[in-house]
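Pasted below: input.txt, compact mmCIF, C-alpha atoms.
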# COMPACT_ATOMS: atom_id res chain seq x y z
CA MET A 262 134.60 93.28 142.00
CA ARG A 263 131.28 91.54 142.63
CA GLY A 264 133.12 88.20 143.38
CA ALA A 265 135.22 89.92 146.01
CA MET A 266 132.11 91.46 147.58
CA GLU A 267 130.37 88.05 147.61
CA LEU A 268 133.33 86.47 149.42
CA GLU A 269 133.49 89.24 151.99
CA PRO A 270 130.34 88.17 153.92
CA GLU A 271 131.71 84.59 154.13
CA LEU A 272 135.00 85.87 155.50
CA LEU A 273 133.14 88.07 157.94
CA LEU A 274 130.99 85.12 158.99
CA GLN A 275 134.07 82.93 159.50
CA GLU A 276 135.76 85.68 161.49
CA ALA A 277 132.61 86.10 163.55
CA ARG A 278 132.53 82.36 164.31
CA GLU A 279 136.16 82.45 165.35
CA ASN A 280 135.50 85.44 167.60
CA VAL A 281 132.51 83.70 169.17
CA GLU A 282 134.61 80.56 169.79
CA ALA A 283 137.41 82.71 171.23
CA ALA A 284 134.90 84.51 173.46
CA GLN A 285 133.43 81.18 174.62
CA SER A 286 136.91 79.85 175.36
CA TYR A 287 137.74 83.10 177.17
CA ARG A 288 134.55 82.82 179.19
CA ARG A 289 135.37 79.21 180.13
CA GLU A 290 138.87 80.20 181.23
CA LEU A 291 137.48 83.08 183.28
CA GLY A 292 134.98 80.64 184.80
CA HIS A 293 137.83 78.34 185.80
CA ARG A 294 139.65 81.25 187.37
CA LEU A 295 136.53 82.29 189.25
CA GLU A 296 136.25 78.74 190.55
CA GLY A 297 139.93 78.94 191.55
CA LEU A 298 139.21 82.17 193.43
CA ARG A 299 136.24 80.55 195.16
CA GLU A 300 138.46 77.63 196.19
CA ALA A 301 141.13 80.05 197.47
CA ARG A 302 138.53 82.05 199.41
CA ARG A 303 137.04 78.87 200.86
CA GLN A 304 140.49 77.65 201.92
CA ILE A 305 141.24 80.94 203.68
CA LYS A 306 137.84 81.04 205.41
CA GLU A 307 137.85 77.39 206.46
CA SER A 308 141.47 77.39 207.62
CA ALA A 309 140.88 80.64 209.57
CA SER A 310 137.81 79.12 211.24
CA GLN A 311 139.68 75.92 212.09
CA THR A 312 142.63 77.92 213.43
CA ARG A 313 140.32 79.95 215.69
CA ASP A 314 138.77 76.75 217.05
CA VAL A 315 142.19 75.19 217.62
CA LEU A 316 143.47 78.31 219.43
CA LYS A 317 140.38 78.55 221.66
CA GLN A 318 140.47 74.86 222.52
CA HIS A 319 144.21 74.91 223.19
CA PHE A 320 144.11 77.93 225.49
CA ASN A 321 141.03 76.62 227.32
CA ASP A 322 142.87 73.33 227.87
CA LEU A 323 145.95 75.24 228.94
CA LYS A 324 143.91 77.35 231.36
CA GLY A 325 142.35 74.23 232.87
CA THR A 326 145.72 72.48 233.14
CA LEU A 327 147.41 75.50 234.73
CA GLY A 328 144.55 75.85 237.22
CA LYS A 329 144.82 72.17 238.08
CA LEU A 330 148.59 72.42 238.51
CA LEU A 331 148.25 75.48 240.77
CA ASP A 332 145.60 73.70 242.86
CA GLU A 333 147.85 70.65 243.19
CA ARG A 334 150.78 72.82 244.25
CA LEU A 335 148.62 74.62 246.82
CA VAL A 336 147.48 71.30 248.30
CA THR A 337 151.11 70.14 248.52
CA LEU A 338 152.21 73.31 250.34
CA LEU A 339 149.23 73.19 252.74
CA GLN A 340 150.11 69.58 253.53
CA GLU A 341 153.66 70.68 254.32
CA VAL A 342 152.25 73.31 256.74
CA ASP A 343 150.06 70.68 258.40
CA THR A 344 152.98 68.26 258.75
CA ILE A 345 155.33 70.85 260.29
CA GLU A 346 152.57 72.06 262.64
CA GLN A 347 151.72 68.55 263.84
CA GLU A 348 155.35 67.45 264.26
CA THR A 349 156.39 70.56 266.25
CA ILE A 350 153.20 70.88 268.36
CA LYS A 351 153.46 67.31 269.71
CA PRO A 352 156.54 67.96 271.97
CA LEU A 353 154.80 71.07 273.32
CA ASP A 354 151.68 69.02 274.06
CA ASP A 355 153.79 66.45 275.91
CA CYS A 356 155.51 69.21 277.88
CA GLN A 357 152.15 70.80 278.71
CA LYS A 358 150.81 67.50 280.06
CA LEU A 359 153.92 67.16 282.26
CA ILE A 360 153.52 70.71 283.63
CA GLU A 361 149.77 70.29 284.21
CA HIS A 362 150.50 67.06 286.10
CA GLY A 363 153.07 68.94 288.24
CA VAL A 364 150.57 71.73 288.93
CA ASN A 365 147.94 69.23 290.09
CA THR A 366 150.49 67.48 292.31
CA ALA A 367 151.61 70.79 293.83
CA GLU A 368 148.02 71.87 294.49
CA ASP A 369 147.26 68.58 296.22
CA LEU A 370 150.42 68.95 298.34
CA VAL A 371 149.50 72.52 299.31
CA ARG A 372 146.02 71.47 300.46
CA GLU A 373 147.36 68.50 302.41
CA GLY A 374 150.07 70.67 304.05
CA GLU A 375 147.60 73.37 305.06
CA ILE A 376 145.35 70.76 306.71
CA ALA A 377 148.31 69.24 308.55
CA MET A 378 149.46 72.61 309.82
CA ARG A 379 146.03 73.57 311.22
CA GLY A 380 146.24 70.80 313.82
CA GLY A 381 149.28 72.35 315.49
CA VAL A 382 152.27 70.53 316.99
CA GLY A 383 150.44 68.31 319.46
CA GLU A 384 148.11 65.62 318.40
CA GLU A 385 148.65 66.30 314.69
CA ASN A 386 152.32 65.40 314.74
CA GLU A 387 151.55 62.23 312.87
CA LYS A 388 149.86 64.19 310.01
CA LEU A 389 152.77 66.61 309.83
CA TRP A 390 155.19 63.74 309.77
CA SER A 391 153.25 62.00 307.00
CA PHE A 392 153.05 65.25 304.95
CA THR A 393 156.73 65.99 305.38
CA LYS A 394 157.64 62.47 304.28
CA LYS A 395 155.39 62.74 301.22
CA ALA A 396 156.79 66.16 300.27
CA SER A 397 160.33 64.83 300.47
CA HIS A 398 159.56 62.30 297.76
CA ILE A 399 158.36 65.00 295.37
CA GLN A 400 161.10 67.00 293.61
CA LEU A 401 159.71 70.45 294.20
CA ASP A 402 162.82 72.07 292.78
CA SER A 403 162.66 70.15 289.43
CA LEU A 404 161.05 72.25 286.69
CA PRO A 405 160.53 71.02 283.09
CA GLU A 406 162.34 72.88 280.31
CA VAL A 407 160.07 75.11 278.21
CA PRO A 408 161.53 76.02 274.77
CA LEU A 409 162.17 79.63 273.98
CA LEU A 410 160.17 81.19 271.15
CA VAL A 411 163.30 81.48 269.05
CA ASP A 412 163.72 77.69 269.32
CA VAL A 413 160.28 76.74 267.99
CA PRO A 414 159.11 77.04 264.40
CA CYS A 415 157.47 80.22 263.16
CA LEU A 416 155.94 79.21 259.83
CA SER A 417 155.77 81.49 256.82
CA ALA A 418 155.23 81.18 253.07
CA GLN A 419 158.08 82.02 250.73
CA LEU A 420 156.49 83.14 247.44
CA ASP A 421 158.59 84.48 244.57
CA ASP A 422 156.55 86.99 242.59
CA SER A 423 159.02 86.75 239.71
CA ILE A 424 157.21 83.61 238.57
CA LEU A 425 154.45 85.87 237.29
CA ASN A 426 156.90 87.64 235.00
CA ILE A 427 158.36 84.31 233.85
CA VAL A 428 154.92 82.86 233.14
CA LYS A 429 153.80 86.08 231.48
CA ASP A 430 156.92 85.99 229.30
CA HIS A 431 156.23 82.42 228.19
CA ILE A 432 152.53 83.05 227.63
CA PHE A 433 153.17 86.10 225.46
CA LYS A 434 155.55 84.02 223.32
CA HIS A 435 153.40 80.88 223.29
CA GLY A 436 151.88 79.94 219.95
CA THR A 437 152.16 81.48 216.51
CA VAL A 438 149.79 81.88 213.60
CA ALA A 439 151.27 80.86 210.25
CA SER A 440 149.71 82.10 207.03
CA ARG A 441 150.89 78.93 205.31
CA PRO A 442 152.65 75.69 206.34
CA PRO A 443 156.46 75.51 205.95
CA VAL A 444 156.20 72.45 203.67
CA GLN A 445 153.92 71.56 200.77
CA ILE A 446 153.42 68.52 198.57
CA GLU A 447 154.84 69.30 195.13
CA GLU A 448 154.27 66.10 193.15
CA LEU A 449 152.25 62.88 193.17
CA ILE A 450 153.46 60.17 190.77
CA GLU A 451 151.35 57.10 190.16
CA LYS A 452 152.94 53.67 190.38
CA PRO A 453 151.43 50.19 190.04
CA GLY A 454 149.80 49.69 193.42
CA GLY A 455 151.38 52.85 194.86
CA ILE A 456 151.91 56.60 194.65
CA ILE A 457 155.24 58.42 195.00
CA VAL A 458 154.76 61.55 197.13
CA ARG A 459 157.32 64.35 196.89
CA TRP A 460 157.32 67.45 199.05
CA CYS A 461 159.48 70.54 199.58
CA LYS A 462 160.06 73.43 201.95
CA VAL A 463 158.33 76.68 201.06
CA ASP A 464 159.65 78.64 204.05
CA ASP A 465 163.35 79.48 203.66
CA ASP A 466 163.61 80.47 207.33
CA PHE A 467 162.40 77.04 208.49
CA THR A 468 165.03 74.35 209.10
CA ALA A 469 163.39 70.92 208.97
CA GLN A 470 164.73 68.03 211.00
CA ASP A 471 162.02 65.46 210.20
CA TYR A 472 158.96 65.17 208.00
CA ARG A 473 155.71 63.36 208.68
CA LEU A 474 153.50 62.07 205.85
CA GLN A 475 149.89 60.96 206.26
CA PHE A 476 147.30 59.65 203.83
CA ARG A 477 143.71 58.45 203.72
CA LYS A 478 141.06 57.44 201.26
CA CYS A 479 138.91 60.41 200.33
CA THR A 480 135.94 58.50 201.74
CA SER A 481 137.63 58.14 205.14
CA ASN A 482 137.62 60.62 208.03
CA HIS A 483 140.89 59.42 209.53
CA PHE A 484 144.45 60.15 208.33
CA GLU A 485 147.14 57.63 209.20
CA ASP A 486 150.90 58.01 209.44
CA VAL A 487 152.79 56.35 206.62
CA TYR A 488 156.27 57.92 206.93
CA VAL A 489 158.38 59.83 209.46
CA GLY A 490 161.96 60.71 208.54
CA SER A 491 164.33 63.16 206.93
CA GLU A 492 163.66 62.27 203.26
CA THR A 493 161.50 64.47 201.00
CA GLU A 494 160.08 61.59 198.95
CA PHE A 495 158.24 58.41 199.84
CA ILE A 496 156.28 55.76 197.95
CA VAL A 497 152.96 54.91 199.57
CA LEU A 498 152.11 51.29 198.80
CA HIS A 499 148.89 49.27 199.07
CA ILE A 500 147.07 51.84 196.93
CA ASP A 501 143.92 50.51 195.27
CA PRO A 502 143.71 51.43 191.57
CA ASN A 503 141.32 54.22 190.51
CA VAL A 504 140.61 55.24 194.12
CA ASP A 505 141.21 58.83 195.24
CA TYR A 506 143.53 59.34 198.22
CA GLN A 507 144.43 62.49 200.17
CA PHE A 508 148.00 63.20 201.23
CA ARG A 509 149.38 65.79 203.64
CA VAL A 510 152.78 66.46 205.17
CA CYS A 511 154.19 68.47 208.07
CA ALA A 512 157.67 69.07 209.46
CA ARG A 513 159.46 69.32 212.78
CA GLY A 514 161.95 72.13 213.18
CA ASP A 515 165.54 71.53 214.16
CA GLY A 516 165.70 70.86 217.91
CA ARG A 517 161.92 71.16 218.32
CA GLN A 518 159.41 68.62 219.63
CA GLU A 519 156.19 69.95 218.12
CA TRP A 520 155.13 69.46 214.49
CA SER A 521 154.36 72.29 212.10
CA PRO A 522 150.87 72.86 210.64
CA TRP A 523 149.81 70.39 207.96
CA SER A 524 150.25 71.17 204.29
CA VAL A 525 147.25 71.71 202.04
CA PRO A 526 145.95 68.16 201.33
CA GLN A 527 146.55 66.94 197.79
CA ILE A 528 144.42 64.32 196.03
CA GLY A 529 146.02 61.60 193.93
CA HIS A 530 145.23 58.17 192.53
CA SER A 531 146.84 55.46 190.47
CA THR A 532 145.31 54.09 187.30
CA LEU A 533 148.04 51.44 187.02
CA VAL A 534 147.26 47.84 187.86
CA PRO A 535 149.26 46.68 190.91
CA HIS A 536 152.14 44.30 190.26
CA GLU A 537 151.45 40.82 191.63
CA TRP A 538 153.39 37.58 191.80
CA THR A 539 151.75 34.39 190.52
CA ALA A 540 149.96 32.58 193.34
CA GLY A 541 150.21 28.84 193.91
CA PHE A 542 153.89 28.38 193.09
CA GLU A 543 155.14 25.78 195.56
CA GLY A 544 158.54 27.30 196.28
CA TYR A 545 157.24 30.74 197.34
CA SER A 546 154.85 32.18 199.92
CA LEU A 547 153.04 35.42 199.02
CA SER A 548 151.64 38.31 201.04
CA SER A 549 147.90 39.03 201.02
CA ARG A 550 148.33 41.60 198.23
CA ARG A 551 150.69 39.25 196.37
CA ASN A 552 153.31 41.97 195.96
CA ILE A 553 155.76 40.30 198.38
CA ALA A 554 157.27 36.87 197.68
CA LEU A 555 159.20 34.82 200.25
CA ARG A 556 161.34 31.86 199.17
CA ASN A 557 160.27 29.07 201.50
CA ASP A 558 161.85 25.75 202.47
CA SER A 559 160.26 23.81 199.61
CA GLU A 560 162.69 21.86 197.45
CA SER A 561 160.84 23.01 194.33
CA SER A 562 162.87 25.32 192.13
CA GLY A 563 162.10 27.50 189.15
CA VAL A 564 161.21 31.07 188.25
CA LEU A 565 158.36 32.83 190.03
CA TYR A 566 156.74 35.06 187.40
CA SER A 567 154.33 37.96 187.64
CA ARG A 568 150.64 37.11 187.43
CA ALA A 569 150.38 39.12 184.21
CA PRO A 570 152.64 41.25 181.95
CA THR A 571 151.96 44.43 183.92
CA TYR A 572 155.28 46.20 183.28
CA PHE A 573 155.23 48.70 180.40
CA CYS A 574 158.15 50.47 178.76
CA GLY A 575 158.66 53.97 180.10
CA GLN A 576 157.82 52.97 183.67
CA THR A 577 160.17 52.22 186.55
CA LEU A 578 159.94 48.71 187.98
CA THR A 579 161.30 48.44 191.52
CA PHE A 580 162.27 45.39 193.59
CA ARG A 581 163.10 45.87 197.27
CA VAL A 582 164.88 42.99 199.02
CA GLU A 583 163.38 42.78 202.51
CA THR A 584 165.38 39.79 203.79
CA VAL A 585 168.15 37.63 202.35
CA GLY A 586 169.09 33.96 202.34
CA GLN A 587 172.17 32.15 201.17
CA PRO A 588 173.16 33.56 197.74
CA ASP A 589 173.68 31.42 194.65
CA ARG A 590 175.12 32.57 191.32
CA ARG A 591 172.01 31.19 189.58
CA ASP A 592 169.68 33.52 191.53
CA SER A 593 167.90 36.12 189.41
CA ILE A 594 165.65 39.19 189.60
CA GLY A 595 164.51 40.72 186.33
CA VAL A 596 162.07 40.98 183.42
CA CYS A 597 161.28 38.84 180.40
CA ALA A 598 159.25 38.94 177.21
CA GLU A 599 157.21 35.86 178.12
CA LYS A 600 156.88 33.11 180.70
CA GLN A 601 158.92 30.02 179.89
CA ASP A 602 158.53 26.97 182.09
CA GLY A 603 161.36 24.53 182.59
CA TYR A 604 163.99 27.15 183.49
CA ASP A 605 165.35 27.53 187.01
CA SER A 606 166.59 31.11 186.41
CA LEU A 607 166.01 34.22 184.31
CA GLN A 608 169.56 33.83 183.06
CA ARG A 609 168.13 32.78 179.69
CA ASP A 610 167.14 34.06 176.26
CA GLN A 611 164.52 36.85 176.00
CA ALA A 612 165.21 38.01 179.58
CA VAL A 613 167.39 40.49 181.45
CA CYS A 614 168.22 40.09 185.12
CA ILE A 615 170.63 40.67 187.96
CA SER A 616 171.95 37.87 190.15
CA THR A 617 172.29 38.23 193.92
CA ASN A 618 176.07 38.52 193.46
CA GLY A 619 175.56 41.60 191.24
CA ALA A 620 176.19 39.93 187.87
CA VAL A 621 173.99 41.23 185.02
CA PHE A 622 172.66 38.87 182.34
CA VAL A 623 171.19 39.81 178.95
CA ASN A 624 169.55 37.03 176.93
CA GLY A 625 171.47 34.48 178.99
CA LYS A 626 174.90 36.11 178.56
CA GLU A 627 176.78 37.66 181.46
CA MET A 628 177.83 41.27 180.94
CA THR A 629 181.26 42.61 181.74
CA ASN A 630 179.77 45.39 183.85
CA GLN A 631 178.58 44.28 187.25
CA LEU A 632 176.54 45.84 190.05
CA PRO A 633 177.13 45.51 193.81
CA ALA A 634 175.87 42.32 195.46
CA VAL A 635 172.24 42.38 196.62
CA THR A 636 171.87 42.72 200.40
CA SER A 637 169.01 43.19 202.84
CA GLY A 638 167.36 46.53 202.11
CA SER A 639 168.77 46.73 198.57
CA THR A 640 166.55 48.31 195.92
CA VAL A 641 166.89 47.15 192.31
CA THR A 642 165.16 49.22 189.63
CA PHE A 643 164.57 48.54 185.94
CA ASP A 644 163.91 51.41 183.52
CA ILE A 645 163.22 50.25 179.95
CA GLU A 646 162.54 52.35 176.88
CA ALA A 647 161.83 51.30 173.29
CA VAL A 648 164.63 52.43 170.97
CA THR A 649 164.05 51.06 167.46
CA LEU A 650 161.78 48.72 165.62
CA GLY A 651 163.18 47.43 162.33
CA THR A 652 163.91 44.42 160.17
CA PRO A 653 165.87 41.50 161.55
CA ASN A 654 169.63 42.00 161.70
CA ASN A 655 171.65 38.81 161.41
CA ASN A 656 174.54 40.33 163.29
CA GLU A 657 172.47 41.47 166.26
CA GLY A 658 170.06 38.54 166.25
CA GLY A 659 166.84 40.53 166.88
CA HIS A 660 164.71 43.29 165.48
CA PHE A 661 163.15 44.95 168.55
CA LYS A 662 165.61 46.99 170.60
CA LEU A 663 165.04 48.20 174.15
CA ARG A 664 167.28 50.50 176.20
CA VAL A 665 167.60 49.02 179.70
CA THR A 666 168.91 50.75 182.83
CA ILE A 667 169.38 48.60 185.95
CA SER A 668 170.19 50.47 189.17
CA SER A 669 171.19 49.06 192.54
CA ASN A 670 173.01 50.48 195.55
CA ASN A 671 173.72 53.84 193.81
CA ARG A 672 175.26 52.12 190.78
CA GLU A 673 173.73 51.51 187.36
CA VAL A 674 174.38 49.74 184.09
CA VAL A 675 172.86 50.75 180.75
CA PHE A 676 172.64 48.45 177.74
CA ASP A 677 170.50 47.55 174.72
CA TRP A 678 168.28 44.48 174.87
CA LEU A 679 167.28 42.79 171.60
CA LEU A 680 164.06 40.82 171.40
CA ASP A 681 162.86 38.49 168.67
CA GLN A 682 159.43 40.10 168.70
CA SER A 683 157.90 43.35 169.86
CA CYS A 684 155.81 43.31 173.02
CA GLY A 685 153.77 46.06 174.57
CA SER A 686 154.27 44.77 178.09
CA LEU A 687 156.70 42.54 179.96
CA TYR A 688 156.61 39.97 182.73
CA PHE A 689 158.87 40.23 185.77
CA GLY A 690 160.22 37.35 187.81
CA CYS A 691 162.68 36.09 190.38
CA SER A 692 164.39 32.84 191.32
CA PHE A 693 166.30 31.89 194.46
CA PHE A 694 167.84 28.52 195.21
CA TYR A 695 167.92 28.90 199.01
CA PRO A 696 165.15 29.95 201.43
CA GLY A 697 164.96 33.28 203.25
CA TRP A 698 164.87 35.69 200.31
CA LYS A 699 161.92 38.08 200.48
CA VAL A 700 161.23 40.51 197.62
CA LEU A 701 158.71 43.34 197.35
CA VAL A 702 157.79 44.57 193.85
CA PHE A 703 156.21 47.90 192.96
As structure tokens, please, write out the structure in this file.
Amino acid sequence: MRGAMELEPELLLQEARENVEAAQSYRRELGHRLEGLREARRQIKESASQTRDVLKQHFNDLKGTLGKLLDERLVTLLQEVDTIEQETIKPLDDCQKLIEHGVNTAEDLVREGEIAMRGGVGEENEKLWSFTKKASHIQLDSLPEVPLLVDVPCLSAQLDDSILNIVKDHIFKHGTVASRPPVQIEELIEKPGGIIVRWCKVDDDFTAQDYRLQFRKCTSNHFEDVYVGSETEFIVLHIDPNVDYQFRVCARGDGRQEWSPWSVPQIGHSTLVPHEWTAGFEGYSLSSRRNIALRNDSESSGVLYSRAPTYFCGQTLTFRVETVGQPDRRDSIGVCAEKQDGYDSLQRDQAVCISTNGAVFVNGKEMTNQLPAVTSGSTVTFDIEAVTLGTPNNNEGGHFKLRVTISSNNREVVFDWLLDQSCGSLYFGCSFFYPGWKVLVF
């Protein structure tokens, strides 16, 4: 009885410790949730503030633009009035000058006639004769035509008040406020030298025609476009390892010109070392990041290997053929356990590869199954998983088995690859006998 009572305090103490640990864990979890609430509140507040600023700026710009357009239209109409006025007044001015000239001529003739008539018929006969002769040369019965009022312009402004209703209708429908964007980023997957970004629609009523993906380093203030298209997945390359990047995506509705609001930015990074080709190989020219190899015109032949064994089982290794040259059955793209100089192709022992004609080789032997021929834009992927590690088997000729899946042009072959020794990582390589082949690896 005493032994049981002595054990009871120890059990109580142990239970107390467990309760304290549970309470501490509970407090930590609640703290995380409080932080999540603070983040959610901050997102709502900041996005609301930004949306207000965007709306105010947009409508101020719209107001200024509409005012400018109305002023420009007014100037155009006033110029039309001026043109019509000037063009139709000119004939009237010409007619007025003609009439005023006739009035002056008639007044002069009246004065001259009155003077001639005062002298009577005697000694002033010569003046009367001269006046009569002068008057006969003037067409006193010829009057210029003056247009009737119905024949001259009477300007007026034709203004359709219905435009106010049309504009009002458009203004009342212009702009919307969305509580959340129609698309969101759902997954970021690290790759050597890149990150696969996947996104999805979150608004069932929204029909997307195109998507637009942007990214930036977290230390940068400027996002840049990296993809525009209809796909919902894209690999962003030229990613520096262990550097945080922000990604955001938006969409354009079917038949629309404007883009939707941006998704909530997501932060991602890659811890994987970028794949690089070996520099200095005479037969190949490399890009600045050494992830693109171009077979040049050099007569040198051989396999261009990776700088280091950076491919690990469980990953996906991808080759994208950017341009093509003349194919040769000895061409190869693939992986190997180790670099071996003196070979002009990966069609050898301790390597698996695909030729440009689609033939698949395992440890130097051609398989019965074949993939489509490699063309410009083709993507070839290698997925390798460790299967077994055991004692040497004389029948199979190796003791380290890998399950290999090679995919190209929507076709794939799956087979087991036996190695003489285990290896934690693999080299990749390529060989082309004719120039023009350009291969990107990621």
| field | Given all atoms listed in the file as the counted atoms, nearest of A:Val428, A:Val504, A:Ile350, A:Ala469 to Ser491 of chain A | value | A:Ala469
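The interatomic distance for the pair atom CA of Ile500 of chain A and atom CA of Asn552 of chain A works out to 11.7 Å.
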| Neighbour list for segment 523-540 of chain A as a ChimeraX atom specification, cut-off 6 Å, all atoms listed in the file, skip fewer than 6 positions in-chain | /A:442,445,451,453-454,502-511,551-552,566-568
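Atom CA of Ser668 of chain A is found 5.2 Å from atom CA of Thr642 of chain A.
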| query | Contacts of Val564 of chain A at 9 Å or less, counting all atoms listed in the file, minus same-chain residues fewer than 5 places along, as an MDAnalysis selection string? | reply | chainID A and resid 593 600:607 690:693
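Between Gly595 of chain A and the candidates A:Leu272, A:Leu338, A:Val613, A:Leu687, the tightest atom-to-atom separation, counting all atoms listed in the file, involves A:Val613.
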